[in-house]
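Single-structure report; data block below.
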Amino acid sequence: MGNDTTYLSQLQDFYARHRLLPPYAAMGELLGLRSKSSVAALVARLKLAGYLETGPGKRLKPAGKFFERTLADSVRAGLPTPADNAPSEAITIDDYLVERPSQTVLVRVKGDSMCDAGIHEGDIAVVEKRPLANLGEIVVAIVDNEFTLKYLDRDKSGFVLRPANPAYGVIRPKGQMEIFGVMVGLVRKYGR
C-alpha cells in the first residue's frame with residue numbers, strides 16, 4: 001500500500017477533527033495529489049481495501065477498516081524488553097470491547113467509589129445492558145431510583161452493591177434494585 005498508508009493516515013486525522021471526509025477536490029489539496037484521476041485511483045484502492053465506502057448522495061464515508069488501529073504485540077510493564085518492529089494485527093476498539101453493539105452503552109464515571117478497582121472519575125465504562133449479572137461482576141444498578149456502578153455481591157440480607165473504596169459503605173437497597181448492565185470494558189484518556 002506504500003504511500004496509500006500515509007494518505008490514509010492523513011484522512012483519518014482529518015476525519016477525527018471534522019467528523020467527515022473531504023470532497024475529492026479538497027482531498028487532492030489535503031494529500032498533495034495534483035489530478036482528479038490520482039484522487040479517484042486512491043479512493044478506488046482504499047474502497048477495495050475496505051477503508052472507504054460510498055454513502056448516501058455518493059458521499060465518501062469511512063468503512064469498517066478505517067477505524068482499525070495497530071495492536072502492538074505486547075509491552076512489558078516491568079523491565080524493558082527489546083522493541084519488535086514486526087507487523088502486528090489491527091483491531092477496532094468496537095471489535096475488542098463491544099460484543100453486542102445494540103445492547104452496549106458508554107457511561108461516564110463520576111465519583112471515586114470504585115478507585116481501588118482501577119475505575120476513576122472521568123473514565124468511560126463500557127456497559128452491556130442486561131438484567132442479570134454474576135456475583136463479583138461490576139454492574140450499573142438502579143437502586144432506589146438512582147444509578148450506581150459497584151460490584152454485585154451477596155450477604156445474609158440478600159444482594160448488595162460493594163464499592164472498591166473503603167471510604168464508602170456497602171449499599172443495601174431499601175426498596176427496588178435492578179441490574180441495568182454489566183461493565184465489560186473501560187476507556188481512559190490521558191493527557192490534554
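Here's how to read the names in the C-alpha cells: chain A, B, ... by the order shown, residue numbers from 1 in each chain, ligand numbers from 1 in the order shown.
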
* **Which of chain A fall in alpha helix (DSSP H), as a PyMOL selection string** => chain A and resi 3-18+24-31+36-48+93-97

Those residues you just picked out, can you put them in a file as a compact mmCIF listing (two decimals), in the first residue's frame with N, CA and C atoms?
```txt
# COMPACT_ATOMS: atom_id res chain seq x y z
N ASN A 3 2.50 4.57 -0.27
CA ASN A 3 2.02 5.93 0.01
C ASN A 3 0.57 5.95 0.48
N ASP A 4 -0.20 4.94 0.09
CA ASP A 4 -1.60 4.90 0.49
C ASP A 4 -1.74 4.90 2.01
N THR A 5 -0.79 4.28 2.70
CA THR A 5 -0.83 4.26 4.17
C THR A 5 -0.69 5.68 4.71
N THR A 6 0.19 6.47 4.12
CA THR A 6 0.37 7.86 4.53
C THR A 6 -0.90 8.66 4.23
N TYR A 7 -1.46 8.46 3.04
CA TYR A 7 -2.69 9.17 2.68
C TYR A 7 -3.84 8.78 3.61
N LEU A 8 -3.94 7.49 3.91
CA LEU A 8 -4.98 7.01 4.82
C LEU A 8 -4.83 7.67 6.19
N SER A 9 -3.60 7.76 6.70
CA SER A 9 -3.37 8.40 8.00
C SER A 9 -3.84 9.85 7.99
N GLN A 10 -3.56 10.56 6.90
CA GLN A 10 -3.99 11.95 6.80
C GLN A 10 -5.52 12.05 6.77
N LEU A 11 -6.15 11.12 6.06
CA LEU A 11 -7.62 11.12 6.02
C LEU A 11 -8.20 10.78 7.39
N GLN A 12 -7.58 9.87 8.11
CA GLN A 12 -8.05 9.52 9.45
C GLN A 12 -7.94 10.71 10.39
N ASP A 13 -6.82 11.44 10.31
CA ASP A 13 -6.66 12.63 11.15
C ASP A 13 -7.68 13.70 10.78
N PHE A 14 -7.92 13.89 9.48
CA PHE A 14 -8.92 14.86 9.03
C PHE A 14 -10.29 14.47 9.57
N TYR A 15 -10.63 13.19 9.46
CA TYR A 15 -11.93 12.71 9.94
C TYR A 15 -12.07 12.92 11.45
N ALA A 16 -11.00 12.67 12.19
CA ALA A 16 -11.04 12.85 13.65
C ALA A 16 -11.33 14.31 14.02
N ARG A 17 -10.82 15.24 13.24
CA ARG A 17 -11.05 16.66 13.51
C ARG A 17 -12.41 17.15 13.06
N HIS A 18 -12.89 16.66 11.90
CA HIS A 18 -14.08 17.23 11.28
C HIS A 18 -15.29 16.31 11.24
N TYR A 24 -13.64 15.23 -3.13
CA TYR A 24 -12.49 14.86 -3.96
C TYR A 24 -11.50 16.01 -4.15
N ALA A 25 -11.99 17.20 -4.52
CA ALA A 25 -11.08 18.33 -4.79
C ALA A 25 -10.29 18.70 -3.54
N ALA A 26 -10.98 18.78 -2.40
CA ALA A 26 -10.31 19.12 -1.14
C ALA A 26 -9.37 17.99 -0.71
N MET A 27 -9.73 16.75 -1.03
CA MET A 27 -8.88 15.62 -0.70
C MET A 27 -7.56 15.72 -1.47
N GLY A 28 -7.64 16.10 -2.73
CA GLY A 28 -6.43 16.28 -3.52
C GLY A 28 -5.52 17.33 -2.91
N GLU A 29 -6.10 18.45 -2.48
CA GLU A 29 -5.32 19.51 -1.82
C GLU A 29 -4.69 19.01 -0.53
N LEU A 30 -5.51 18.36 0.29
CA LEU A 30 -5.05 17.85 1.58
C LEU A 30 -3.88 16.89 1.41
N LEU A 31 -3.96 16.01 0.44
CA LEU A 31 -2.97 14.96 0.27
C LEU A 31 -1.84 15.33 -0.69
N LYS A 36 -7.35 14.92 -10.53
CA LYS A 36 -8.57 14.24 -10.08
C LYS A 36 -8.44 12.74 -10.27
N SER A 37 -7.74 12.32 -11.33
CA SER A 37 -7.59 10.88 -11.58
C SER A 37 -6.74 10.22 -10.49
N SER A 38 -5.75 10.95 -9.94
CA SER A 38 -4.94 10.41 -8.83
C SER A 38 -5.80 10.21 -7.59
N VAL A 39 -6.66 11.19 -7.32
CA VAL A 39 -7.56 11.09 -6.16
C VAL A 39 -8.54 9.94 -6.38
N ALA A 40 -9.11 9.84 -7.58
CA ALA A 40 -10.07 8.78 -7.89
C ALA A 40 -9.41 7.40 -7.76
N ALA A 41 -8.16 7.28 -8.21
CA ALA A 41 -7.45 6.00 -8.11
C ALA A 41 -7.18 5.64 -6.64
N LEU A 42 -6.79 6.63 -5.84
CA LEU A 42 -6.56 6.40 -4.41
C LEU A 42 -7.85 5.95 -3.74
N VAL A 43 -8.94 6.67 -3.99
CA VAL A 43 -10.23 6.32 -3.40
C VAL A 43 -10.63 4.90 -3.79
N ALA A 44 -10.42 4.54 -5.05
CA ALA A 44 -10.76 3.19 -5.51
C ALA A 44 -9.94 2.14 -4.75
N ARG A 45 -8.64 2.40 -4.55
CA ARG A 45 -7.79 1.45 -3.81
C ARG A 45 -8.23 1.35 -2.35
N LEU A 46 -8.56 2.50 -1.73
CA LEU A 46 -8.99 2.47 -0.33
C LEU A 46 -10.35 1.80 -0.17
N LYS A 47 -11.23 1.94 -1.16
CA LYS A 47 -12.51 1.23 -1.14
C LYS A 47 -12.28 -0.27 -1.25
N LEU A 48 -11.44 -0.66 -2.19
CA LEU A 48 -11.15 -2.07 -2.42
C LEU A 48 -10.53 -2.72 -1.18
N ILE A 93 -11.59 -0.64 18.27
CA ILE A 93 -11.97 -0.68 19.69
C ILE A 93 -13.30 -1.40 19.84
N ASP A 94 -14.24 -1.16 18.92
CA ASP A 94 -15.53 -1.84 18.99
C ASP A 94 -15.36 -3.36 18.90
N ASP A 95 -14.52 -3.82 17.97
CA ASP A 95 -14.31 -5.27 17.85
C ASP A 95 -13.76 -5.84 19.15
N TYR A 96 -12.94 -5.08 19.83
CA TYR A 96 -12.29 -5.56 21.04
C TYR A 96 -13.21 -5.50 22.27
N LEU A 97 -13.98 -4.43 22.40
CA LEU A 97 -14.76 -4.21 23.61
C LEU A 97 -16.26 -4.48 23.49
```

* Using only C-alpha atoms, determine which residues lie at most 7 Å from Val139 (chain A), disregarding the query and same-chain residues fewer than 5 positions distant; provide the list as a ChimeraX atom specification. => /A:149-152,179,181-183

How would the residues just picked look written out with N, CA and C atoms as a PDB file, in the first residue's frame?
```
ATOM      1  N   LEU A 149     -22.438   2.457  40.029  1.00  0.00           N
ATOM      2  CA  LEU A 149     -21.508   1.472  39.486  1.00  0.00           C
ATOM      3  C   LEU A 149     -20.792   0.817  40.664  1.00  0.00           C
ATOM      4  N   LYS A 150     -21.009  -0.481  40.856  1.00  0.00           N
ATOM      5  CA  LYS A 150     -20.425  -1.189  42.004  1.00  0.00           C
ATOM      6  C   LYS A 150     -20.270  -2.676  41.674  1.00  0.00           C
ATOM      7  N   TYR A 151     -19.559  -3.392  42.549  1.00  0.00           N
ATOM      8  CA  TYR A 151     -19.505  -4.849  42.469  1.00  0.00           C
ATOM      9  C   TYR A 151     -20.828  -5.419  42.958  1.00  0.00           C
ATOM     10  N   LEU A 152     -21.355  -6.417  42.259  1.00  0.00           N
ATOM     11  CA  LEU A 152     -22.537  -7.120  42.736  1.00  0.00           C
ATOM     12  C   LEU A 152     -22.070  -8.177  43.730  1.00  0.00           C
ATOM     13  N   ILE A 179     -30.619  -4.543  37.944  1.00  0.00           N
ATOM     14  CA  ILE A 179     -29.362  -4.520  37.203  1.00  0.00           C
ATOM     15  C   ILE A 179     -29.648  -3.900  35.844  1.00  0.00           C
ATOM     16  N   GLY A 181     -26.943  -3.148  33.694  1.00  0.00           N
ATOM     17  CA  GLY A 181     -25.978  -3.775  32.808  1.00  0.00           C
ATOM     18  C   GLY A 181     -24.702  -4.142  33.527  1.00  0.00           C
ATOM     19  N   VAL A 182     -23.820  -4.826  32.795  1.00  0.00           N
ATOM     20  CA  VAL A 182     -22.554  -5.301  33.339  1.00  0.00           C
ATOM     21  C   VAL A 182     -21.413  -4.585  32.609  1.00  0.00           C
ATOM     22  N   MET A 183     -20.437  -4.109  33.373  1.00  0.00           N
ATOM     23  CA  MET A 183     -19.292  -3.451  32.764  1.00  0.00           C
ATOM     24  C   MET A 183     -18.424  -4.497  32.073  1.00  0.00           C
TER      25      MET A 183
END
```

* To do: Could you check which of A:Ala117, A:Leu135, A:Met177, A:Leu60 is closest to Pro22 (chain A), using only C-alpha atoms?
  => A:Leu60

* So what do you get for CA of Ile124 (chain A) versus CA of Glu137 (chain A), distance-wise? -> 16.7 Å

Would you give me, as an mmCIF file with N, CA and C atoms, in the first residue's frame, the residues in chain A that DSSP reads as strand (DSSP E)?
```cif
data_model
loop_
_atom_site.group_PDB
_atom_site.id
_atom_site.type_symbol
_atom_site.label_atom_id
_atom_site.label_comp_id
_atom_site.auth_asym_id
_atom_site.auth_seq_id
_atom_site.Cartn_x
_atom_site.Cartn_y
_atom_site.Cartn_z
ATOM 1 N N LEU A 52 -12.762 2.744 2.835
ATOM 2 C CA LEU A 52 -13.770 3.739 2.464
ATOM 3 C C LEU A 52 -14.936 3.058 1.765
ATOM 4 N N GLU A 53 -16.086 3.722 1.794
ATOM 5 C CA GLU A 53 -17.251 3.278 1.031
ATOM 6 C C GLU A 53 -18.061 4.505 0.640
ATOM 7 N N THR A 54 -19.007 4.305 -0.257
ATOM 8 C CA THR A 54 -19.853 5.398 -0.700
ATOM 9 C C THR A 54 -21.150 5.372 0.087
ATOM 10 N N LEU A 60 -18.386 10.103 0.202
ATOM 11 C CA LEU A 60 -17.486 9.122 0.803
ATOM 12 C C LEU A 60 -17.681 9.076 2.302
ATOM 13 N N LYS A 61 -17.571 7.874 2.843
ATOM 14 C CA LYS A 61 -17.628 7.728 4.290
ATOM 15 C C LYS A 61 -16.685 6.601 4.702
ATOM 16 N N PRO A 62 -16.263 6.600 5.965
ATOM 17 C CA PRO A 62 -15.358 5.558 6.437
ATOM 18 C C PRO A 62 -16.049 4.194 6.426
ATOM 19 N N ARG A 69 -6.965 0.074 14.458
ATOM 20 C CA ARG A 69 -5.719 0.600 14.994
ATOM 21 C C ARG A 69 -4.775 -0.578 15.174
ATOM 22 N N THR A 70 -3.493 -0.322 15.032
ATOM 23 C CA THR A 70 -2.500 -1.377 15.166
ATOM 24 C C THR A 70 -2.442 -1.844 16.610
ATOM 25 N N ALA A 90 -4.380 -5.618 13.359
ATOM 26 C CA ALA A 90 -5.120 -4.373 13.561
ATOM 27 C C ALA A 90 -6.507 -4.723 14.066
ATOM 28 N N ILE A 91 -6.995 -3.924 14.999
ATOM 29 C CA ILE A 91 -8.336 -4.127 15.544
ATOM 30 C C ILE A 91 -9.032 -2.776 15.657
ATOM 31 N N THR A 104 -25.028 -2.189 23.973
ATOM 32 C CA THR A 104 -23.873 -1.599 24.647
ATOM 33 C C THR A 104 -24.014 -0.084 24.729
ATOM 34 N N VAL A 105 -23.749 0.442 25.917
ATOM 35 C CA VAL A 105 -23.750 1.885 26.140
ATOM 36 C C VAL A 105 -22.439 2.276 26.812
ATOM 37 N N LEU A 106 -22.082 3.534 26.657
ATOM 38 C CA LEU A 106 -20.903 4.083 27.321
ATOM 39 C C LEU A 106 -21.392 4.974 28.453
ATOM 40 N N VAL A 107 -20.794 4.814 29.630
ATOM 41 C CA VAL A 107 -21.226 5.559 30.807
ATOM 42 C C VAL A 107 -20.016 6.271 31.411
ATOM 43 N N ARG A 108 -20.090 7.594 31.518
ATOM 44 C CA ARG A 108 -19.000 8.353 32.131
ATOM 45 C C ARG A 108 -19.075 8.184 33.654
ATOM 46 N N ILE A 124 -14.595 6.124 31.110
ATOM 47 C CA ILE A 124 -15.825 5.733 30.431
ATOM 48 C C ILE A 124 -15.970 4.228 30.544
ATOM 49 N N ALA A 125 -17.016 3.803 31.220
ATOM 50 C CA ALA A 125 -17.302 2.378 31.376
ATOM 51 C C ALA A 125 -18.082 1.897 30.163
ATOM 52 N N VAL A 126 -17.644 0.770 29.611
ATOM 53 C CA VAL A 126 -18.357 0.129 28.510
ATOM 54 C C VAL A 126 -19.298 -0.869 29.161
ATOM 55 N N VAL A 127 -20.599 -0.654 29.013
ATOM 56 C CA VAL A 127 -21.597 -1.439 29.738
ATOM 57 C C VAL A 127 -22.509 -2.156 28.760
ATOM 58 N N GLU A 128 -22.612 -3.472 28.947
ATOM 59 C CA GLU A 128 -23.556 -4.262 28.160
ATOM 60 C C GLU A 128 -24.855 -4.351 28.953
ATOM 61 N N LYS A 129 -25.927 -3.819 28.365
ATOM 62 C CA LYS A 129 -27.220 -3.813 29.054
ATOM 63 C C LYS A 129 -27.746 -5.243 29.141
ATOM 64 N N ILE A 138 -18.797 -6.209 37.976
ATOM 65 C CA ILE A 138 -19.054 -4.779 38.174
ATOM 66 C C ILE A 138 -20.289 -4.442 37.357
ATOM 67 N N VAL A 139 -21.278 -3.887 38.022
ATOM 68 C CA VAL A 139 -22.559 -3.628 37.377
ATOM 69 C C VAL A 139 -22.947 -2.160 37.497
ATOM 70 N N VAL A 140 -23.790 -1.736 36.570
ATOM 71 C CA VAL A 140 -24.523 -0.492 36.739
ATOM 72 C C VAL A 140 -25.888 -0.940 37.222
ATOM 73 N N ALA A 141 -26.234 -0.503 38.414
ATOM 74 C CA ALA A 141 -27.503 -0.909 39.019
ATOM 75 C C ALA A 141 -28.355 0.327 39.291
ATOM 76 N N ILE A 142 -29.654 0.090 39.307
ATOM 77 C CA ILE A 142 -30.597 1.140 39.677
ATOM 78 C C ILE A 142 -31.096 0.766 41.072
ATOM 79 N N VAL A 143 -30.739 1.602 42.040
ATOM 80 C CA VAL A 143 -31.096 1.347 43.430
ATOM 81 C C VAL A 143 -31.909 2.523 43.931
ATOM 82 N N GLU A 146 -31.862 5.423 41.631
ATOM 83 C CA GLU A 146 -30.595 6.082 41.329
ATOM 84 C C GLU A 146 -29.629 5.076 40.719
ATOM 85 N N PHE A 147 -28.825 5.540 39.727
ATOM 86 C CA PHE A 147 -27.818 4.684 39.095
ATOM 87 C C PHE A 147 -26.537 4.683 39.919
ATOM 88 N N THR A 148 -25.871 3.526 39.962
ATOM 89 C CA THR A 148 -24.569 3.433 40.612
ATOM 90 C C THR A 148 -23.754 2.328 39.952
ATOM 91 N N LEU A 149 -22.438 2.457 40.029
ATOM 92 C CA LEU A 149 -21.508 1.472 39.486
ATOM 93 C C LEU A 149 -20.792 0.817 40.664
ATOM 94 N N LYS A 150 -21.009 -0.481 40.856
ATOM 95 C CA LYS A 150 -20.425 -1.189 42.004
ATOM 96 C C LYS A 150 -20.270 -2.676 41.674
ATOM 97 N N TYR A 151 -19.559 -3.392 42.549
ATOM 98 C CA TYR A 151 -19.505 -4.849 42.469
ATOM 99 C C TYR A 151 -20.828 -5.419 42.958
ATOM 100 N N LEU A 152 -21.355 -6.417 42.259
ATOM 101 C CA LEU A 152 -22.537 -7.120 42.736
ATOM 102 C C LEU A 152 -22.070 -8.177 43.730
ATOM 103 N N ASP A 153 -22.690 -8.183 44.905
ATOM 104 C CA ASP A 153 -22.305 -9.126 45.953
ATOM 105 C C ASP A 153 -23.562 -9.596 46.668
ATOM 106 N N ARG A 154 -23.371 -10.483 47.603
ATOM 107 C CA ARG A 154 -24.498 -11.015 48.365
ATOM 108 C C ARG A 154 -24.045 -11.214 49.802
ATOM 109 N N ASP A 155 -24.908 -10.886 50.732
ATOM 110 C CA ASP A 155 -24.656 -11.221 52.133
ATOM 111 C C ASP A 155 -25.926 -11.828 52.704
ATOM 112 N N GLY A 158 -29.226 -10.463 51.496
ATOM 113 C CA GLY A 158 -29.578 -10.538 50.077
ATOM 114 C C GLY A 158 -28.521 -9.877 49.208
ATOM 115 N N PHE A 159 -28.914 -9.448 48.017
ATOM 116 C CA PHE A 159 -27.968 -8.802 47.101
ATOM 117 C C PHE A 159 -27.597 -7.423 47.621
ATOM 118 N N VAL A 160 -26.306 -7.112 47.500
ATOM 119 C CA VAL A 160 -25.788 -5.808 47.898
ATOM 120 C C VAL A 160 -24.849 -5.309 46.800
ATOM 121 N N LEU A 161 -24.517 -4.037 46.878
ATOM 122 C CA LEU A 161 -23.565 -3.432 45.950
ATOM 123 C C LEU A 161 -22.362 -2.963 46.756
ATOM 124 N N ARG A 162 -21.198 -3.482 46.379
ATOM 125 C CA ARG A 162 -19.986 -3.236 47.150
ATOM 126 C C ARG A 162 -19.059 -2.274 46.402
ATOM 127 N N MET A 177 -33.991 -2.944 43.578
ATOM 128 C CA MET A 177 -32.680 -2.894 42.945
ATOM 129 C C MET A 177 -32.809 -3.624 41.624
ATOM 130 N N GLU A 178 -32.349 -2.967 40.559
ATOM 131 C CA GLU A 178 -32.431 -3.559 39.226
ATOM 132 C C GLU A 178 -31.054 -3.468 38.572
ATOM 133 N N ILE A 179 -30.619 -4.543 37.944
ATOM 134 C CA ILE A 179 -29.362 -4.520 37.203
ATOM 135 C C ILE A 179 -29.648 -3.900 35.844
ATOM 136 N N PHE A 180 -28.977 -2.796 35.545
ATOM 137 C CA PHE A 180 -29.096 -2.139 34.239
ATOM 138 C C PHE A 180 -28.164 -2.816 33.242
ATOM 139 N N GLY A 181 -26.943 -3.148 33.694
ATOM 140 C CA GLY A 181 -25.978 -3.775 32.808
ATOM 141 C C GLY A 181 -24.702 -4.142 33.527
ATOM 142 N N VAL A 182 -23.820 -4.826 32.795
ATOM 143 C CA VAL A 182 -22.554 -5.301 33.339
ATOM 144 C C VAL A 182 -21.413 -4.585 32.609
ATOM 145 N N MET A 183 -20.437 -4.109 33.373
ATOM 146 C CA MET A 183 -19.292 -3.451 32.764
ATOM 147 C C MET A 183 -18.424 -4.497 32.073
ATOM 148 N N VAL A 184 -18.130 -4.257 30.783
ATOM 149 C CA VAL A 184 -17.316 -5.201 30.008
ATOM 150 C C VAL A 184 -15.983 -4.589 29.578
ATOM 151 N N GLY A 185 -15.791 -3.311 29.832
ATOM 152 C CA GLY A 185 -14.543 -2.654 29.471
ATOM 153 C C GLY A 185 -14.477 -1.264 30.054
ATOM 154 N N LEU A 186 -13.320 -0.651 29.884
ATOM 155 C CA LEU A 186 -13.102 0.683 30.442
ATOM 156 C C LEU A 186 -12.203 1.454 29.499
ATOM 157 N N VAL A 187 -12.517 2.729 29.296
ATOM 158 C CA VAL A 187 -11.715 3.599 28.451
ATOM 159 C C VAL A 187 -11.268 4.776 29.291
#
```
